[in-house]
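Listing of input_16.cif, mmCIF, C-alpha atoms and all ligand atoms
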data_data
loop_
_atom_site.label_atom_id
_atom_site.label_comp_id
_atom_site.auth_asym_id
_atom_site.auth_seq_id
_atom_site.Cartn_x
_atom_site.Cartn_y
_atom_site.Cartn_z
CA MET H 1 103.23 -35.90 162.48
CA ALA H 2 105.69 -34.60 159.89
CA VAL H 3 104.61 -31.25 158.51
CA SER H 4 106.46 -28.45 156.73
CA VAL H 5 108.99 -26.34 158.55
CA LEU H 6 106.64 -23.40 157.98
CA ALA H 7 103.78 -25.24 159.67
CA GLN H 8 105.98 -26.42 162.52
CA THR H 9 107.19 -22.92 163.22
CA LEU H 10 103.90 -21.04 162.95
CA LYS H 11 103.54 -18.89 166.03
CA GLY H 12 100.54 -19.62 168.22
CA SER H 13 98.31 -16.72 169.00
CA GLU H 14 98.45 -15.33 172.54
CA ILE H 15 94.86 -14.16 172.03
CA ILE H 16 93.77 -17.77 171.54
CA LYS H 17 95.47 -18.73 174.83
CA ILE H 18 93.55 -15.97 176.57
CA GLY H 19 90.38 -17.18 174.83
CA ASN H 20 90.98 -20.70 176.17
CA GLU H 21 91.34 -19.35 179.70
CA ILE H 22 88.08 -17.39 179.32
CA ASN H 23 86.27 -20.45 177.98
CA GLU H 24 87.52 -22.55 180.89
CA LEU H 25 86.22 -20.00 183.41
CA LYS H 26 82.94 -19.77 181.50
CA ARG H 27 82.62 -23.57 181.74
CA GLN H 28 82.95 -23.11 185.51
CA GLY H 29 79.94 -20.80 185.34
CA GLN H 30 81.79 -17.48 185.55
CA ASN H 31 80.78 -14.48 183.52
CA ILE H 32 83.85 -12.86 181.96
CA ALA H 33 83.68 -9.52 180.12
CA ASN H 34 85.61 -10.36 177.00
CA LEU H 35 87.44 -7.34 175.61
CA THR H 36 89.88 -9.50 173.67
CA ILE H 37 88.45 -9.96 170.21
CA GLY H 38 88.49 -7.46 167.37
CA ASP H 39 85.01 -8.45 166.37
CA PHE H 40 81.40 -7.44 167.00
CA ASP H 41 78.59 -9.20 168.77
CA PRO H 42 75.98 -9.09 165.98
CA ASN H 43 73.21 -8.92 168.56
CA ILE H 44 74.68 -5.65 169.82
CA TYR H 45 76.07 -4.38 166.49
CA PRO H 46 74.19 -5.94 163.54
CA ILE H 47 75.20 -5.12 159.97
CA PRO H 48 73.01 -2.51 158.24
CA SER H 49 69.58 -4.05 157.63
CA GLU H 50 69.60 -2.82 154.00
CA LEU H 51 72.89 -4.61 153.39
CA ARG H 52 71.50 -7.79 154.91
CA ASP H 53 68.39 -7.52 152.70
CA ASP H 54 70.52 -6.78 149.63
CA ILE H 55 72.59 -9.93 150.29
CA ILE H 56 69.46 -12.07 150.57
CA GLU H 57 68.07 -10.50 147.40
CA ALA H 58 71.34 -11.18 145.55
CA TYR H 59 71.18 -14.87 146.47
CA GLN H 60 67.55 -14.97 145.38
CA ALA H 61 68.68 -13.53 142.06
CA ASN H 62 71.10 -16.49 141.74
CA HIS H 63 74.39 -14.64 142.10
CA THR H 64 76.02 -17.88 143.14
CA ASN H 65 78.75 -18.60 140.59
CA TYR H 66 82.42 -17.50 140.52
CA PRO H 67 82.88 -13.75 140.62
CA PRO H 68 85.47 -12.17 138.29
CA ALA H 69 89.05 -12.56 139.57
CA ASP H 70 89.46 -8.90 140.48
CA GLY H 71 85.93 -8.51 141.82
CA MET H 72 82.74 -7.39 140.13
CA LEU H 73 83.19 -4.29 138.01
CA GLU H 74 80.14 -2.64 139.56
CA LEU H 75 81.61 -3.08 143.04
CA ARG H 76 85.02 -1.75 141.96
CA LYS H 77 83.26 1.28 140.43
CA GLN H 78 81.30 1.87 143.62
CA VAL H 79 84.40 1.45 145.78
CA SER H 80 86.15 4.00 143.59
CA ALA H 81 83.24 6.45 144.07
CA PHE H 82 83.06 5.67 147.80
CA LEU H 83 86.78 6.36 148.32
CA GLU H 84 86.51 9.66 146.47
CA ARG H 85 83.32 10.72 148.25
CA GLU H 86 84.24 9.69 151.79
CA LEU H 87 88.02 10.02 151.95
CA ARG H 88 89.00 12.11 148.90
CA ILE H 89 91.19 9.23 147.74
CA GLN H 90 91.43 8.54 144.01
CA ALA H 91 91.58 4.96 142.77
CA THR H 92 90.21 3.83 139.41
CA PRO H 93 88.36 0.47 139.18
CA ASN H 94 91.50 -1.02 137.54
CA GLU H 95 93.54 -0.13 140.58
CA ILE H 96 91.12 -1.89 142.94
CA LEU H 97 91.06 -5.57 143.91
CA ILE H 98 88.20 -7.20 145.80
CA ALA H 99 88.82 -10.19 148.08
CA SER H 100 87.14 -12.12 150.86
CA GLY H 101 87.89 -9.55 153.52
CA SER H 102 91.13 -7.71 153.92
CA ARG H 103 93.31 -10.54 155.22
CA PRO H 104 93.86 -12.23 151.83
CA LEU H 105 94.75 -8.80 150.48
CA ILE H 106 97.40 -8.28 153.15
CA TYR H 107 98.77 -11.77 152.49
CA SER H 108 98.82 -11.10 148.76
CA VAL H 109 100.68 -7.80 149.28
CA PHE H 110 103.38 -9.74 151.11
CA LEU H 111 103.48 -12.49 148.48
CA ALA H 112 103.52 -9.99 145.60
CA LEU H 113 106.33 -7.85 147.01
CA VAL H 114 108.44 -9.70 149.55
CA ASP H 115 111.09 -12.30 148.73
CA PRO H 116 112.55 -14.50 151.46
CA GLY H 117 115.11 -12.47 153.39
CA ASP H 118 113.66 -9.10 152.32
CA LYS H 119 113.35 -6.51 155.05
CA VAL H 120 109.82 -5.72 156.23
CA ILE H 121 109.44 -2.90 158.75
CA TYR H 122 106.49 -2.44 161.05
CA PRO H 123 105.78 -0.88 164.42
CA ALA H 124 105.30 -2.82 167.64
CA PRO H 125 102.60 -3.13 168.73
CA SER H 126 100.90 -3.96 165.45
CA TRP H 127 98.45 -6.50 164.16
CA ASN H 128 99.53 -9.74 162.46
CA ASN H 129 102.49 -8.42 160.45
CA ASN H 130 104.70 -10.90 162.32
CA HIS H 131 102.68 -13.83 160.95
CA TYR H 132 102.82 -12.61 157.34
CA CYS H 133 106.57 -12.04 157.71
CA HIS H 134 106.98 -15.56 159.01
CA ILE H 135 104.98 -17.09 156.18
CA THR H 136 106.94 -15.20 153.52
CA GLY H 137 110.34 -15.70 155.18
CA ALA H 138 110.85 -11.95 155.48
CA GLN H 139 113.47 -10.44 157.70
CA GLU H 140 111.21 -8.59 160.14
CA ILE H 141 112.20 -5.30 161.68
CA GLN H 142 109.93 -4.33 164.55
CA ILE H 143 110.12 -0.69 165.53
CA PRO H 144 109.40 -0.04 169.19
CA THR H 145 106.96 2.80 169.81
CA THR H 146 106.01 4.72 172.94
CA ALA H 147 102.88 5.79 174.76
CA GLU H 148 104.02 9.43 174.39
CA ASN H 149 103.75 8.96 170.61
CA ASN H 150 100.42 7.11 170.89
CA PHE H 151 102.28 3.90 169.95
CA LEU H 152 102.69 5.08 166.36
CA PRO H 153 106.08 5.27 164.67
CA LYS H 154 107.83 8.58 164.01
CA ALA H 155 110.13 9.30 161.09
CA ALA H 156 113.15 9.09 163.40
CA ASP H 157 112.09 5.57 164.44
CA VAL H 158 111.85 4.22 160.90
CA ALA H 159 114.73 6.16 159.31
CA PRO H 160 117.56 3.86 160.45
CA HIS H 161 115.87 0.81 158.88
CA LEU H 162 114.75 1.97 155.44
CA LYS H 163 117.98 1.33 153.52
CA GLY H 164 117.32 -1.67 151.29
CA ALA H 165 113.94 -2.47 152.87
CA THR H 166 111.08 -3.78 150.73
CA LEU H 167 107.97 -3.03 152.73
CA LEU H 168 106.91 -0.62 155.45
CA ALA H 169 103.62 -1.78 156.99
CA LEU H 170 101.58 1.00 158.59
CA CYS H 171 98.05 1.12 159.95
CA SER H 172 95.84 4.07 160.97
CA PRO H 173 93.52 4.08 162.86
CA GLN H 174 95.70 1.40 164.33
CA ASN H 175 94.94 -2.03 165.66
CA PRO H 176 95.69 -2.59 168.57
CA THR H 177 95.91 0.99 169.86
CA GLY H 178 92.91 2.85 168.44
CA THR H 179 95.26 5.76 167.77
CA MET H 180 95.80 7.66 164.50
CA PHE H 181 98.66 9.28 162.66
CA GLU H 182 99.17 13.02 162.95
CA GLN H 183 99.44 14.47 159.45
CA SER H 184 102.94 15.87 160.02
CA ASP H 185 104.24 12.53 161.35
CA LEU H 186 102.95 10.61 158.34
CA GLU H 187 104.28 13.30 155.98
CA GLU H 188 107.76 12.96 157.45
CA ILE H 189 107.68 9.18 157.05
CA CYS H 190 106.45 9.57 153.46
CA ASP H 191 109.32 11.95 152.69
CA LEU H 192 111.79 9.37 153.94
CA VAL H 193 110.26 6.73 151.65
CA ILE H 194 110.42 9.11 148.68
CA ALA H 195 114.09 9.86 149.44
CA GLU H 196 114.93 6.16 149.87
CA ASN H 197 113.33 5.29 146.53
CA ALA H 198 115.13 8.17 144.81
CA SER H 199 118.41 6.69 146.05
CA ARG H 200 117.79 3.25 144.53
CA GLN H 201 119.26 2.03 141.25
CA ARG H 202 117.09 1.58 138.18
CA GLY H 203 115.61 -1.91 138.20
CA GLU H 204 116.10 -2.31 141.94
CA LYS H 205 112.98 -3.25 143.88
CA PRO H 206 111.56 -0.09 145.47
CA LEU H 207 110.41 0.40 149.04
CA TYR H 208 106.63 0.03 149.25
CA ILE H 209 104.18 1.07 151.94
CA MET H 210 101.27 -1.14 152.89
CA TYR H 211 98.72 1.23 154.40
CA ASP H 212 95.98 -0.55 156.31
CA GLN H 213 93.03 1.82 156.73
CA ILE H 214 90.34 -0.73 157.49
CA TYR H 215 89.17 1.53 160.36
CA ALA H 216 89.28 4.79 158.36
CA MET H 217 85.49 5.27 158.52
CA LEU H 218 85.47 4.62 162.28
CA THR H 219 87.03 7.81 163.59
CA PHE H 220 85.79 10.11 166.30
CA GLY H 221 86.46 13.60 165.02
CA LYS H 222 90.13 13.31 164.11
CA LYS H 223 90.89 13.50 160.38
CA HIS H 224 92.13 10.33 158.72
CA VAL H 225 95.31 10.92 156.73
CA ASP H 226 96.87 8.70 154.06
CA PRO H 227 100.22 8.64 152.26
CA VAL H 228 99.26 9.31 148.62
CA THR H 229 96.90 12.18 149.43
CA LEU H 230 99.71 13.79 151.43
CA ARG H 231 102.42 12.91 148.93
CA PRO H 232 101.03 12.16 145.43
CA LYS H 233 104.56 11.16 144.34
CA LEU H 234 104.07 7.97 146.34
CA LYS H 235 101.20 6.76 144.13
CA ASP H 236 103.27 3.94 142.60
CA TYR H 237 104.48 2.70 145.98
CA VAL H 238 101.48 2.49 148.30
CA ILE H 239 99.06 -0.42 148.54
CA TYR H 240 96.00 0.31 150.64
CA ILE H 241 94.01 -2.24 152.61
CA ASP H 242 90.36 -1.51 153.29
CA GLY H 243 86.87 -3.03 153.24
CA ILE H 244 83.54 -3.33 155.04
CA SER H 245 84.53 -5.69 157.87
CA LYS H 246 84.86 -3.05 160.54
CA CYS H 247 82.99 0.05 159.34
CA LEU H 248 79.78 -1.91 158.68
CA ALA H 249 80.33 -4.40 161.55
CA ALA H 250 80.44 -6.97 158.75
CA THR H 251 83.39 -9.16 159.79
CA GLY H 252 81.61 -12.31 158.68
CA VAL H 253 80.36 -10.95 155.36
CA ARG H 254 83.90 -11.06 153.90
CA VAL H 255 84.21 -8.18 151.46
CA GLY H 256 87.51 -6.31 151.41
CA TRP H 257 89.28 -4.11 148.91
CA GLY H 258 92.87 -3.26 148.26
CA PHE H 259 94.07 -0.59 145.87
CA GLY H 260 97.33 0.74 144.57
CA PRO H 261 99.59 0.66 141.52
CA GLU H 262 97.96 -1.36 138.76
CA LYS H 263 101.00 -3.58 138.19
CA VAL H 264 101.11 -4.70 141.83
CA ILE H 265 97.32 -5.06 142.02
CA ALA H 266 97.41 -7.33 138.93
CA LYS H 267 99.91 -9.65 140.67
CA MET H 268 97.85 -9.62 143.84
CA ARG H 269 94.80 -10.55 141.74
CA SER H 270 96.58 -13.68 140.48
CA ILE H 271 97.67 -14.63 144.00
CA VAL H 272 94.20 -14.11 145.46
CA GLY H 273 92.89 -16.19 142.53
CA HIS H 274 95.23 -19.08 143.38
CA MET H 275 94.04 -18.90 146.96
CA GLY H 276 90.43 -18.74 145.74
CA ALA H 277 89.96 -15.97 148.27
CA TRP H 278 87.30 -14.07 146.32
CA ALA H 279 84.48 -12.37 148.13
CA PRO H 280 81.23 -14.29 147.55
CA LYS H 281 79.47 -12.91 144.49
CA ALA H 282 76.16 -12.18 146.21
CA GLU H 283 77.98 -10.20 148.92
CA GLN H 284 79.77 -8.22 146.22
CA VAL H 285 76.52 -7.38 144.42
CA ALA H 286 74.93 -6.33 147.72
CA THR H 287 77.92 -4.27 148.88
CA ALA H 288 78.00 -2.40 145.55
CA LYS H 289 74.33 -1.56 145.96
CA TYR H 290 74.65 -0.61 149.62
CA ILE H 291 77.70 1.68 149.52
CA GLN H 292 76.43 3.78 146.61
CA ASN H 293 73.73 5.25 148.85
CA SER H 294 75.66 7.83 150.83
CA GLU H 295 72.72 8.79 153.05
CA GLN H 296 72.10 5.17 153.98
CA VAL H 297 75.78 4.64 154.82
CA HIS H 298 75.92 7.77 156.95
CA ASN H 299 72.70 7.03 158.80
CA TYR H 300 74.19 3.70 159.81
CA LEU H 301 77.64 5.04 160.61
CA ASN H 302 76.37 7.92 162.72
CA ILE H 303 74.57 5.62 165.12
CA PHE H 304 77.18 2.85 165.03
CA LYS H 305 80.10 5.19 165.62
CA SER H 306 78.43 7.08 168.43
CA ARG H 307 77.67 3.82 170.26
CA ILE H 308 81.25 2.55 169.86
CA GLN H 309 82.62 5.92 170.90
CA GLU H 310 80.42 6.01 173.99
CA CYS H 311 81.72 2.60 175.07
CA LEU H 312 85.35 3.61 174.46
CA ASN H 313 84.88 6.90 176.29
CA THR H 314 83.19 5.19 179.22
CA LEU H 315 86.11 2.82 179.59
CA TYR H 316 88.59 5.65 179.08
CA GLN H 317 86.95 7.79 181.74
CA GLY H 318 86.76 4.80 184.08
CA PHE H 319 90.53 4.30 183.79
CA GLN H 320 91.12 8.04 184.27
CA GLN H 321 88.99 7.90 187.41
CA LEU H 322 91.04 4.96 188.76
CA LYS H 323 94.21 6.85 187.92
CA SER H 324 92.98 9.87 189.87
CA GLU H 325 92.33 7.56 192.82
CA GLY H 326 96.00 6.58 192.81
CA PHE H 327 95.87 3.30 190.90
CA ALA H 328 98.81 2.61 188.56
CA VAL H 329 96.63 2.70 185.46
CA ASP H 330 96.27 4.95 182.45
CA ALA H 331 94.55 5.12 179.06
CA ILE H 332 95.06 6.94 175.78
CA GLU H 333 92.11 8.96 174.52
CA PRO H 334 90.27 6.96 171.84
CA MET H 335 90.66 8.32 168.29
CA GLY H 336 89.35 5.57 166.03
CA ALA H 337 88.63 1.86 165.52
CA ILE H 338 87.07 -0.18 168.34
CA TYR H 339 90.06 -0.24 170.66
CA LEU H 340 91.22 1.54 173.76
CA THR H 341 94.83 1.47 174.88
CA VAL H 342 94.99 0.99 178.66
CA LYS H 343 97.81 0.60 181.12
CA ALA H 344 97.90 -1.51 184.28
CA ASP H 345 101.38 -1.15 185.72
CA TYR H 346 101.42 -3.95 188.26
CA THR H 347 104.49 -6.08 187.56
CA GLY H 348 106.28 -7.08 190.73
CA LYS H 349 103.04 -6.98 192.75
CA THR H 350 101.79 -10.01 194.68
CA THR H 351 98.29 -11.49 194.45
CA PRO H 352 96.29 -12.50 197.56
CA GLU H 353 97.33 -16.10 196.74
CA GLY H 354 100.99 -15.06 197.00
CA GLU H 355 101.79 -15.18 193.28
CA VAL H 356 104.06 -12.50 191.90
CA LEU H 357 102.93 -10.84 188.64
CA ASN H 358 106.04 -10.95 186.46
CA THR H 359 104.75 -10.00 183.02
CA SER H 360 101.89 -8.18 181.36
CA ALA H 361 100.42 -11.62 180.58
CA ASP H 362 100.40 -12.39 184.35
CA ILE H 363 98.59 -9.11 185.03
CA ASN H 364 96.08 -9.96 182.33
CA PHE H 365 95.35 -13.42 183.72
CA TYR H 366 95.00 -11.90 187.20
CA LEU H 367 92.42 -9.41 185.88
CA ILE H 368 90.55 -12.21 184.13
CA LYS H 369 90.31 -14.25 187.35
CA GLU H 370 89.75 -11.43 189.84
CA ALA H 371 88.01 -8.68 187.89
CA LYS H 372 86.36 -10.94 185.30
CA VAL H 373 87.68 -8.64 182.59
CA ALA H 374 89.85 -9.94 179.75
CA LEU H 375 92.18 -7.62 177.85
CA VAL H 376 95.03 -8.42 175.43
CA PRO H 377 98.55 -7.43 176.50
CA PHE H 378 100.54 -5.59 173.85
CA SER H 379 103.05 -8.45 174.05
CA ALA H 380 100.54 -10.33 171.86
CA PHE H 381 101.18 -7.62 169.27
CA GLY H 382 104.95 -7.74 169.39
CA THR H 383 106.06 -5.61 172.35
CA ASP H 384 108.18 -6.92 175.24
CA GLY H 385 106.38 -8.66 178.10
CA ASN H 386 107.41 -5.82 180.42
CA VAL H 387 105.32 -3.25 178.53
CA ASN H 388 102.25 -2.99 180.73
CA TRP H 389 99.86 -1.67 178.11
CA PHE H 390 96.83 -3.58 176.87
CA ARG H 391 94.22 -3.52 174.13
CA ALA H 392 90.59 -3.30 175.14
CA SER H 393 88.18 -4.07 172.31
CA VAL H 394 84.59 -2.94 172.86
CA GLY H 395 82.84 -4.63 169.91
CA THR H 396 81.37 -7.51 171.88
CA SER H 397 80.29 -5.71 175.06
CA SER H 398 77.27 -3.59 175.84
CA LEU H 399 77.62 -0.17 177.46
CA GLU H 400 76.13 -1.59 180.66
CA ASP H 401 78.77 -4.36 180.70
CA ILE H 402 81.49 -1.77 180.29
CA GLN H 403 80.10 0.45 183.04
CA ALA H 404 80.06 -2.55 185.38
CA MET H 405 83.74 -3.39 184.77
CA ILE H 406 85.40 -0.46 186.45
CA PRO H 407 84.33 -1.28 190.04
CA ARG H 408 85.52 -4.86 189.52
CA ILE H 409 88.90 -3.67 188.21
CA ARG H 410 89.21 -1.31 191.19
CA GLU H 411 88.51 -4.11 193.63
CA ALA H 412 90.93 -6.53 191.96
CA LEU H 413 93.77 -3.99 191.80
CA SER H 414 93.19 -3.02 195.45
CA LYS H 415 94.02 -6.59 196.48
CA LEU H 416 97.53 -6.48 194.98
CA LYS H 417 100.40 -5.88 197.39
C1 LIG E 501 94.13 -3.56 161.07
C2 LIG E 501 93.36 -4.72 160.53
N1 LIG E 501 93.48 -5.04 159.24
C3 LIG E 501 92.81 -6.07 158.72
C4 LIG E 501 91.97 -6.85 159.51
C5 LIG E 501 91.26 -8.02 158.88
O1 LIG E 501 90.04 -7.69 158.42
P1 LIG E 501 89.13 -8.73 157.58
O2 LIG E 501 88.16 -9.27 158.57
O3 LIG E 501 88.49 -7.86 156.55
O4 LIG E 501 89.99 -9.77 157.00
C6 LIG E 501 91.82 -6.56 160.84
C7 LIG E 501 90.98 -7.42 161.68
O5 LIG E 501 91.00 -7.41 162.86
C8 LIG E 501 92.52 -5.46 161.37
O6 LIG E 501 92.40 -5.12 162.64
#

Now that the file is in, can you turn its structure into structure tokens?
Amino acid sequence: MAVSVLAQTLKGSEIIKIGNEINELKRQGQNIANLTIGDFDPNIYPIPSELRDDIIEAYQANHTNYPPADGMLELRKQVSAFLERELRIQATPNEILIASGSRPLIYSVFLALVDPGDKVIYPAPSWNNNHYCHITGAQEIQIPTTAENNFLPKAADVAPHLKGATLLALCSPQNPTGTMFEQSDLEEICDLVIAENASRQRGEKPLYIMYDQIYAMLTFGKKHVDPVTLRPKLKDYVIYIDGISKCLAATGVRVGWGFGPEKVIAKMRSIVGHMGAWAPKAEQVATAKYIQNSEQVHNYLNIFKSRIQECLNTLYQGFQQLKSEGFAVDAIEPMGAIYLTVKADYTGKTTPEGEVLNTSADINFYLIKEAKVALVPFSAFGTDGNVNWFRASVGTSSLEDIQAMIPRIREALSKLK
């Protein structure tokens, strides 16, 4: 079938391949602990009951027609108040755009700023920037990061690439690593962006930052930092991505917000409008009502976050225990989001069936078959296949499931020669 070059060259998702393998094993009656998806099992992590009731009430009140293109004013007002109250970030309702989750916002940032051939810089591993670069024909510059730096970029890593670049895509707390920027590291990167923009000619397109903070409310004690709060001079150059998908376990509710310079937000509004990617009106009405009640939000978050943190810590401690027993594994202490970064350094080892594990994907498939635990290798997020680090997402597993994984991983790794 003849389709566009874009469609022909879309990259398949490695996560979907892993999902297919899991489904095949499930069909054979096996029970696989699936740590691959950045989602929640709603039976383990339901959305706040008040939000659910508010959504139902909004439908009963017939909020079923088109919402305004930039989102309902009441929601934009409440988002503005929420950002100020929770994160000390200032954004007026005119600087805020509502969409059906944060993905259309990310896509519209790319479409609003990036011309074909423009340089877009982002760290590897990172989530989905490669796909948006592909769709917009951007020249993508992936910056390798290291475990020592919690897989976040440092100023020295980005500095060589900023000349002439259009967009620097950053995320904290980061998917896939669950790690967060140190204030000084982000400050140094911000200073480079300020200097780069000061060096550009009048009328030249500036360098923008897309700052994805969709996990900002899911942190475990470490302070979330953001570019404009640290460097107010950057106000005209930073577009933030945020929303309720992760912090309220509401991935299927589809309410996201982006905010930034009004001129860019206005263009993004038109693009989101052409996509028709508005958040459903009833969900907007309900979200506005829900987030204005700070006590309600915090009651939910306190319980939700402590459960997620307990799962991440259990897995982290399990990997530390295996490491202390001499296994070639490691993990980075969880800081935020729903992810743990784990290492299983087993390339070159041979399975009991005599197969040699050549890549991180091979190690992953071995763990799926032998330990019944599915992770996602960082190669799915842009690193080389020889980087033996993986993302473990805890949103669809119970604490008991997670506790039961470690002995299975131990047994599987013991069989490798
Ligand atoms: C960093 C990051 N940004 C954005 C999204 C997309 O969120 P939404 O479901 O609101 O489109 C995800 C989802 O996994 C994510 O991890």

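Remark: for ligand LIG 501 (chain E), the closest of the candidate residues H:Ile89, H:Ala216, H:Leu6, H:Val114 is H:Ala216 (distances computed over only C-alpha atoms and all ligand atoms).
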
Who sits within 10 Å of Pro144 in chain H, only C-alpha atoms, same chain under 2 positions skipped, as a VMD selection string: chain H and resid 122 to 125 141 to 142 146 151 to 153 157 to 158 382 to 384

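Comparing the minimum interatomic distances between Lys26 in chain H and each of H:Ile121, H:Ile368, H:Lys349, H:Leu234, counting all atoms listed in the file, we find that H:Ile368 sits nearest.
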
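Comparing the minimum interatomic distances between ligand LIG 501 (chain E) and each of H:Glu182, H:Glu74, H:Asp242, H:Asp330, counting all atoms listed in the file, we find that H:Asp242 sits nearest.
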
Give as a ChimeraX atom specification the residues surrounding ligand LIG 501 (chain E) up to a distance of 8 Å, considering all atoms listed in the file. /H:38-39,100-104,106,127,171-176,212-215,241-246,251-252,254-256

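You can rank H:Tyr339, H:Trp257, H:Trp278, H:Tyr366 by their closest distance to Leu75 in chain H using only C-alpha atoms, and at the top of that list sits H:Trp257.
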
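Among the candidate residues H:His131, H:His298, H:Arg408, H:Lys205, the one lying nearest to Leu248 in chain H is H:His298, with distances computed using all atoms listed in the file.
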